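Shown here: query-v3.cif, mmCIF, C-alpha atoms and all ligand atoms.
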```
data_data
#
loop_
_atom_site.group_PDB
_atom_site.id
_atom_site.type_symbol
_atom_site.label_atom_id
_atom_site.label_comp_id
_atom_site.auth_asym_id
_atom_site.auth_seq_id
_atom_site.Cartn_x
_atom_site.Cartn_y
_atom_site.Cartn_z
ATOM 1 C CA MET A 148 -122.218 55.827 60.967
ATOM 2 C CA THR A 149 -120.755 57.972 58.213
ATOM 3 C CA GLU A 150 -122.984 58.482 55.223
ATOM 4 C CA LYS A 151 -121.444 57.219 51.985
ATOM 5 C CA ARG A 152 -122.335 57.902 48.357
ATOM 6 C CA PHE A 153 -122.909 54.701 46.420
ATOM 7 C CA LEU A 154 -123.587 54.019 42.760
ATOM 8 C CA VAL A 155 -125.410 50.785 41.931
ATOM 9 C CA THR A 156 -124.998 50.310 38.190
ATOM 10 C CA TYR A 157 -126.062 47.456 35.939
ATOM 11 C CA ALA A 158 -126.370 46.027 32.449
ATOM 12 C CA SER A 159 -129.472 44.035 31.476
ATOM 13 C CA GLN A 160 -131.308 42.462 28.564
ATOM 14 C CA LEU A 161 -134.449 41.098 30.184
ATOM 15 C CA GLY A 162 -134.972 43.316 33.239
ATOM 16 C CA SER A 163 -133.998 41.141 36.191
ATOM 17 C CA THR A 164 -130.651 42.778 37.031
ATOM 18 C CA PRO A 165 -132.150 46.297 37.399
ATOM 19 C CA GLU A 166 -134.814 44.928 39.778
ATOM 20 C CA ILE A 167 -132.082 43.486 41.964
ATOM 21 C CA ALA A 168 -130.028 46.703 41.664
ATOM 22 C CA SER A 169 -133.041 48.654 42.854
ATOM 23 C CA GLU A 170 -133.536 46.419 45.885
ATOM 24 C CA ILE A 171 -129.850 46.783 46.810
ATOM 25 C CA GLY A 172 -130.180 50.563 46.396
ATOM 26 C CA ASN A 173 -133.225 50.617 48.702
ATOM 27 C CA GLY A 174 -131.349 48.633 51.330
ATOM 28 C CA LEU A 175 -128.408 51.030 51.253
ATOM 29 C CA ARG A 176 -130.748 54.048 51.467
ATOM 30 C CA LYS A 177 -132.516 52.534 54.475
ATOM 31 C CA ALA A 178 -129.095 52.215 56.093
ATOM 32 C CA GLY A 179 -128.684 55.993 55.705
ATOM 33 C CA HIS A 180 -126.541 56.247 52.574
ATOM 34 C CA ALA A 181 -126.973 58.334 49.420
ATOM 35 C CA VAL A 182 -127.523 56.028 46.446
ATOM 36 C CA ASP A 183 -127.967 56.340 42.699
ATOM 37 C CA VAL A 184 -129.152 53.319 40.712
ATOM 38 C CA ALA A 185 -128.399 53.586 36.985
ATOM 39 C CA ASP A 186 -127.902 51.677 33.768
ATOM 40 C CA MET A 187 -124.170 51.466 32.934
ATOM 41 C CA LYS A 188 -124.815 53.026 29.558
ATOM 42 C CA GLY A 189 -126.010 56.272 31.145
ATOM 43 C CA VAL A 190 -123.157 56.685 33.648
ATOM 44 C CA ILE A 191 -120.886 59.542 32.633
ATOM 45 C CA SER A 192 -118.791 60.047 35.765
ATOM 46 C CA LEU A 193 -117.941 58.284 39.044
ATOM 47 C CA GLU A 194 -116.644 61.425 40.686
ATOM 48 C CA ALA A 195 -119.628 61.788 43.021
ATOM 49 C CA TYR A 196 -119.249 58.327 44.576
ATOM 50 C CA ASP A 197 -117.277 56.653 47.360
ATOM 51 C CA ALA A 198 -117.890 53.148 46.014
ATOM 52 C CA VAL A 199 -119.544 51.348 43.107
ATOM 53 C CA ILE A 200 -121.694 48.208 43.035
ATOM 54 C CA ILE A 201 -121.911 46.598 39.580
ATOM 55 C CA GLY A 202 -124.672 44.222 38.413
ATOM 56 C CA VAL A 203 -123.793 41.839 35.574
ATOM 57 C CA PRO A 204 -126.318 39.544 33.843
ATOM 58 C CA ILE A 205 -124.857 36.233 32.696
ATOM 59 C CA TYR A 206 -125.542 35.111 29.146
ATOM 60 C CA ALA A 207 -123.961 32.217 27.314
ATOM 61 C CA GLY A 208 -121.937 33.311 24.300
ATOM 62 C CA PRO A 209 -119.416 35.961 23.322
ATOM 63 C CA ARG A 210 -121.483 38.942 24.511
ATOM 64 C CA GLY A 211 -122.135 37.066 27.744
ATOM 65 C CA LEU A 212 -121.183 39.682 30.292
ATOM 66 C CA GLY A 213 -122.783 42.651 28.570
ATOM 67 C CA ASP A 214 -121.045 45.980 28.982
ATOM 68 C CA ILE A 215 -118.948 45.158 32.016
ATOM 69 C CA GLY A 216 -115.643 44.996 30.111
ATOM 70 C CA ASN A 217 -116.294 48.315 28.428
ATOM 71 C CA PHE A 218 -117.397 49.929 31.705
ATOM 72 C CA ALA A 219 -114.686 48.587 33.993
ATOM 73 C CA LYS A 220 -111.701 48.151 31.690
ATOM 74 C CA LYS A 221 -112.128 51.041 29.286
ATOM 75 C CA ARG A 222 -114.419 53.840 30.395
ATOM 76 C CA PHE A 223 -113.778 53.889 34.163
ATOM 77 C CA SER A 224 -110.688 51.742 34.754
ATOM 78 C CA GLY A 225 -108.737 54.564 36.446
ATOM 79 C CA GLU A 226 -111.575 55.629 38.776
ATOM 80 C CA LEU A 227 -112.553 52.061 39.715
ATOM 81 C CA ALA A 228 -108.941 51.213 40.577
ATOM 82 C CA ARG A 229 -109.075 53.896 43.285
ATOM 83 C CA MET A 230 -112.392 52.997 44.909
ATOM 84 C CA PRO A 231 -113.993 49.902 46.447
ATOM 85 C CA VAL A 232 -116.062 47.864 43.986
ATOM 86 C CA ALA A 233 -118.565 45.049 44.663
ATOM 87 C CA ILE A 234 -120.114 42.821 42.010
ATOM 88 C CA PHE A 235 -123.380 40.948 41.789
ATOM 89 C CA ALA A 236 -123.833 38.623 38.852
ATOM 90 C CA VAL A 237 -127.338 37.473 37.848
ATOM 91 C CA GLY A 238 -127.951 34.147 36.149
ATOM 92 C CA LEU A 239 -130.014 30.996 36.193
ATOM 93 C CA LEU A 240 -128.141 28.187 37.752
ATOM 94 C CA TYR A 241 -129.455 25.397 35.628
ATOM 95 C CA GLU A 242 -127.492 22.203 35.419
ATOM 96 C CA GLY A 243 -128.002 22.320 31.646
ATOM 97 C CA MET A 244 -126.319 25.705 31.436
ATOM 98 C CA LYS A 245 -123.068 24.329 32.811
ATOM 99 C CA SER A 246 -122.776 27.252 35.139
ATOM 100 C CA ASP A 247 -121.942 27.064 38.774
ATOM 101 C CA ALA A 248 -121.371 29.943 41.133
ATOM 102 C CA ALA A 249 -117.580 29.610 41.398
ATOM 103 C CA TYR A 250 -117.142 29.381 37.615
ATOM 104 C CA VAL A 251 -119.395 32.364 36.969
ATOM 105 C CA THR A 252 -117.891 34.630 39.623
ATOM 106 C CA ALA A 253 -114.349 33.749 38.472
ATOM 107 C CA ASN A 254 -115.292 34.711 34.897
ATOM 108 C CA VAL A 255 -116.774 38.010 36.000
ATOM 109 C CA GLU A 256 -113.671 38.823 38.047
ATOM 110 C CA LYS A 257 -111.516 38.005 35.025
ATOM 111 C CA ALA A 258 -113.582 40.415 32.949
ATOM 112 C CA ILE A 259 -112.807 43.342 35.276
ATOM 113 C CA ALA A 260 -109.207 42.482 36.247
ATOM 114 C CA PRO A 261 -106.970 44.082 37.472
ATOM 115 C CA ILE A 262 -109.795 45.603 39.543
ATOM 116 C CA VAL A 263 -110.353 43.307 42.506
ATOM 117 C CA PRO A 264 -113.862 43.496 43.974
ATOM 118 C CA VAL A 265 -114.367 43.391 47.741
ATOM 119 C CA SER A 266 -117.197 40.914 47.132
ATOM 120 C CA THR A 267 -118.561 38.986 44.114
ATOM 121 C CA VAL A 268 -121.875 37.173 44.485
ATOM 122 C CA LEU A 269 -124.161 35.335 42.114
ATOM 123 C CA PHE A 270 -127.910 35.774 42.465
ATOM 124 C CA ALA A 271 -130.552 33.805 40.617
ATOM 125 C CA GLY A 272 -132.489 35.814 38.033
ATOM 126 C CA THR A 273 -135.675 35.371 36.059
ATOM 127 C CA ILE A 274 -136.615 34.225 32.621
ATOM 128 C CA ASP A 275 -139.760 35.147 30.741
ATOM 129 C CA PRO A 276 -139.931 33.342 27.386
ATOM 130 C CA GLY A 277 -142.275 36.056 26.125
ATOM 131 C CA LYS A 278 -139.462 38.624 26.356
ATOM 132 C CA LEU A 279 -136.865 36.617 24.441
ATOM 133 C CA SER A 280 -135.691 37.520 20.965
ATOM 134 C CA PHE A 281 -135.897 34.993 18.175
ATOM 135 C CA TRP A 282 -132.240 34.086 18.622
ATOM 136 C CA GLN A 283 -132.544 33.823 22.397
ATOM 137 C CA ARG A 284 -135.488 31.436 21.981
ATOM 138 C CA PHE A 285 -133.402 29.523 19.503
ATOM 139 C CA ALA A 286 -130.482 29.220 21.953
ATOM 140 C CA ASN A 287 -130.048 26.407 24.422
ATOM 141 C CA ILE A 288 -132.492 27.891 26.900
ATOM 142 C CA SER A 289 -135.457 26.990 24.712
ATOM 143 C CA THR A 290 -136.423 24.139 26.998
ATOM 144 C CA ILE A 291 -136.600 26.358 30.074
ATOM 145 C CA PRO A 292 -140.057 27.461 31.160
ATOM 146 C CA SER A 293 -140.866 30.838 32.624
ATOM 147 C CA ALA A 294 -139.035 31.083 35.918
ATOM 148 C CA ASP A 295 -138.392 33.501 38.738
ATOM 149 C CA PHE A 296 -135.710 32.416 41.160
ATOM 150 C CA GLN A 297 -134.940 35.799 42.623
ATOM 151 C CA ASP A 298 -134.066 35.260 46.282
ATOM 152 C CA TRP A 299 -134.899 38.586 47.895
ATOM 153 C CA ASP A 300 -133.691 37.511 51.352
ATOM 154 C CA ALA A 301 -130.237 36.665 49.968
ATOM 155 C CA ILE A 302 -130.157 39.944 48.014
ATOM 156 C CA ARG A 303 -131.163 42.018 51.067
ATOM 157 C CA ALA A 304 -128.659 40.204 53.288
ATOM 158 C CA TRP A 305 -125.820 40.993 50.843
ATOM 159 C CA ALA A 306 -126.947 44.636 50.661
ATOM 160 C CA ARG A 307 -126.879 44.880 54.479
ATOM 161 C CA GLY A 308 -123.253 43.781 54.524
ATOM 162 C CA LEU A 309 -122.142 46.115 51.731
ATOM 163 C CA PRO A 310 -121.402 49.302 53.713
ATOM 164 C CA GLY A 311 -118.936 47.372 55.889
ATOM 165 C CA LEU A 312 -117.328 45.709 52.869
ATOM 166 C CA LEU A 313 -117.095 48.942 50.866
ATOM 167 C CA ASN A 314 -115.620 51.000 53.644
ATOM 168 C CA GLY A 315 -112.226 50.998 51.944
HETATM 169 C C1 LIG B 1 -130.172 33.394 25.664
HETATM 170 C C2 LIG B 1 -129.941 33.263 27.144
HETATM 171 C C3 LIG B 1 -128.754 32.672 27.596
HETATM 172 C C4 LIG B 1 -128.508 32.541 28.976
HETATM 173 N N1 LIG B 1 -127.351 31.963 29.391
HETATM 174 C C5 LIG B 1 -127.108 31.798 30.733
HETATM 175 C C6 LIG B 1 -125.902 31.155 31.184
HETATM 176 O O1 LIG B 1 -125.058 30.743 30.408
HETATM 177 N N2 LIG B 1 -125.727 31.006 32.516
HETATM 178 C C7 LIG B 1 -126.646 31.460 33.421
HETATM 179 O O2 LIG B 1 -126.423 31.279 34.629
HETATM 180 N N3 LIG B 1 -127.793 32.092 33.031
HETATM 181 C C8 LIG B 1 -128.041 32.256 31.704
HETATM 182 N N4 LIG B 1 -129.207 32.871 31.289
HETATM 183 C C9 LIG B 1 -130.162 33.360 32.276
HETATM 184 C C10 LIG B 1 -130.007 34.877 32.504
HETATM 185 O O3 LIG B 1 -128.790 35.156 33.141
HETATM 186 C C11 LIG B 1 -131.187 35.344 33.384
HETATM 187 O O4 LIG B 1 -132.352 35.292 32.585
HETATM 188 C C12 LIG B 1 -130.975 36.736 33.966
HETATM 189 O O5 LIG B 1 -132.082 37.033 34.799
HETATM 190 C C13 LIG B 1 -130.802 37.764 32.874
HETATM 191 O O6 LIG B 1 -130.602 39.047 33.422
HETATM 192 P P1 LIG B 1 -131.415 40.283 32.842
HETATM 193 O O7 LIG B 1 -132.881 39.933 33.047
HETATM 194 O O8 LIG B 1 -131.025 41.460 33.661
HETATM 195 O O9 LIG B 1 -131.059 40.451 31.410
HETATM 196 C C14 LIG B 1 -129.470 33.002 29.927
HETATM 197 C C15 LIG B 1 -130.655 33.608 29.471
HETATM 198 C C16 LIG B 1 -130.900 33.735 28.103
HETATM 199 C C17 LIG B 1 -132.164 34.387 27.646
#
```
Go ahead and render the structure in this file as structure tokens.
Amino acid sequence: MTEKRFLVTYASQLGSTPEIASEIGNGLRKAGHAVDVADMKGVISLEAYDAVIIGVPIYAGPRGLGDIGNFAKKRFSGELARMPVAIFAVGLLYEGMKSDAAYVTANVEKAIAPIVPVSTVLFAGTIDPGKLSFWQRFANISTIPSADFQDWDAIRAWARGLPGLLNG
């Protein structure tokens, strides 16, 4: 197996996406690869990497996909067009939130087009009402109790398949 250099980068408001990014990073390291895990805001270059894995938290509203547009379409559009990219979105798949996996992944892919990821998955995240801002509590999630739906087996399984997918 050839060792690759991967960047797992994420945006987050409430801390679930970086936890998942970290688990993906650990999986890739265990498979013998060199991995950095970093907040999108702190990434200044992609030069050191063979491929990039991007974590995107899903929020209802105009700022819904965080920094992904800025990261993928403005700051690093040229670099990302030349390297394999995989996406994991993180959301809570509540009926009341009108989100389903196909809708969410299609929206994320639209946000980074013309970059075409080798894989786009949606993982369940967490919600801790104690961490929400006033406006977030006010939003339509106010009826949702504290929840943690992170499915570590699904996350680890996706991470195991990544080196093969990103071998572009
Ligand atoms: C104000 C608010 C709006 C949200 N809207 C959605 C949504 O539209 N669809 C969805 O699947 N999850 C939604 N979520 C759930 C978040 O995606 C989930 O909490 C995720 O773990 C957030 O990632 P983060 O912890 O990295 O910020 C929402 C959460 C909050 C607090």
Taking into account only C-alpha atoms, which residue in the set A:Val203, A:Leu313, A:Val265, A:Ala248 is nearest to Leu161 of chain A?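 Nearest candidate to Leu161 of chain A out of A:Val203, A:Leu313, A:Val265, A:Ala248: A:Val203.
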One decimal, Å: what's the distance from atom CA of Lys220 of chain A over to atom CA of Val263 of chain A, could you say?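 Computing the Euclidean distance for atom CA of Lys220 of chain A and atom CA of Val263 of chain A yields 11.9 Å.
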Given the file above and the PyMOL selection byres (((chain A and resi 180) around 7) and not hetatm), which residues are selected, and can you give them as a list in words? Glu150, Lys151, Arg152, Leu175, Arg176, Ala178, Gly179, Ala181 and Val182 of chain A
Selected residues written out with C-alpha atoms, as a CSV table (one decimal), keeping the file's coordinate frame:
```csv
chain,number,residue,atom,x,y,z
A,150,GLU,CA,-123.0,58.5,55.2
A,151,LYS,CA,-121.4,57.2,52.0
A,152,ARG,CA,-122.3,57.9,48.4
A,175,LEU,CA,-128.4,51.0,51.3
A,176,ARG,CA,-130.7,54.0,51.5
A,178,ALA,CA,-129.1,52.2,56.1
A,179,GLY,CA,-128.7,56.0,55.7
A,181,ALA,CA,-127.0,58.3,49.4
A,182,VAL,CA,-127.5,56.0,46.4
```
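Non-sequential neighbours of Leu193 of chain A (distance at most 12 Å, separation of 6 or more positions within a chain, only C-alpha atoms) are A:Arg152, A:Phe153, A:Leu154, A:Val155, A:Thr156, A:Asp183, A:Ala185, A:Met187, A:Val199, A:Ile200, A:Phe218, A:Ala219, A:Arg222, A:Phe223, A:Ser224, A:Gly225, A:Glu226, A:Leu227, A:Ala228, A:Arg229, A:Met230, A:Pro231, A:Val232.
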Quick one: what's the axis-aligned box for ligand LIG 1 (chain B), all listed atoms, 5 Å on every side, centre and edges in Å to one decimal, as AutoDock Vina command-line options?
```
--center_x -129.0 --center_y 36.1 --center_z 30.2 --size_x 17.8 --size_y 20.7 --size_z 19.1
```
Between atom CA of Ala301 of chain A and atom CA of Val268 of chain A, what is the distance, to one decimal in Å? 10.0 Å
Would you mind listing what lies within 8 Å of Ala271 of chain A as a PyMOL selection string, with all atoms listed in the file counted and same-chain residues fewer than 6 positions away left out? chain A and resi 237-240+296-298
Distance of atom CA of Thr149 of chain A from atom CA of Ala195 of chain A, expressed in Å to one decimal place: 15.7 Å
Can you tell me which residues surround Gly213 of chain A at a distance of at most 12 Å, considering all atoms listed in the file, apart from same-chain residues fewer than 4 positions away, and format the answer as a ChimeraX atom specification? /A:157-161,164,186-188,201-209,217-219,236-237,255,258
Given all atoms listed in the file as the counted atoms, nearest of A:Ile262, A:Ala233, A:Val251, A:Ala306 to ligand LIG 1 (chain B):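 Comparing A:Ile262, A:Ala233, A:Val251, A:Ala306 against ligand LIG 1 (chain B), the winner is A:Val251.
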For a quick check of understanding, using all atoms listed in the file, which of A:Gly174, A:Pro261, A:Pro165, A:Gly311 has the smallest distance to ligand LIG 1 (chain B)?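 With all atoms listed in the file as the atom set, the closest residue is A:Pro165.
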Shortest interatomic distance to ligand LIG 1 (chain B) - which of A:Asp197, A:Glu256, A:Asp300, A:Asp247, counting all atoms listed in the file: A:Asp247
Given the choices A:Leu212, A:Ile274, A:Leu279, A:Ile234, which gets closest to Ala168 of chain A if the distance is worked out from all atoms listed in the file? A:Ile234
Which residue out of A:Leu309, A:Lys221, A:Trp282, A:Ser169 has the minimum interatomic distance to Ser266 of chain A when all atoms listed in the file are used?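 Among the listed residues, the smallest separation from Ser266 of chain A belongs to A:Leu309.
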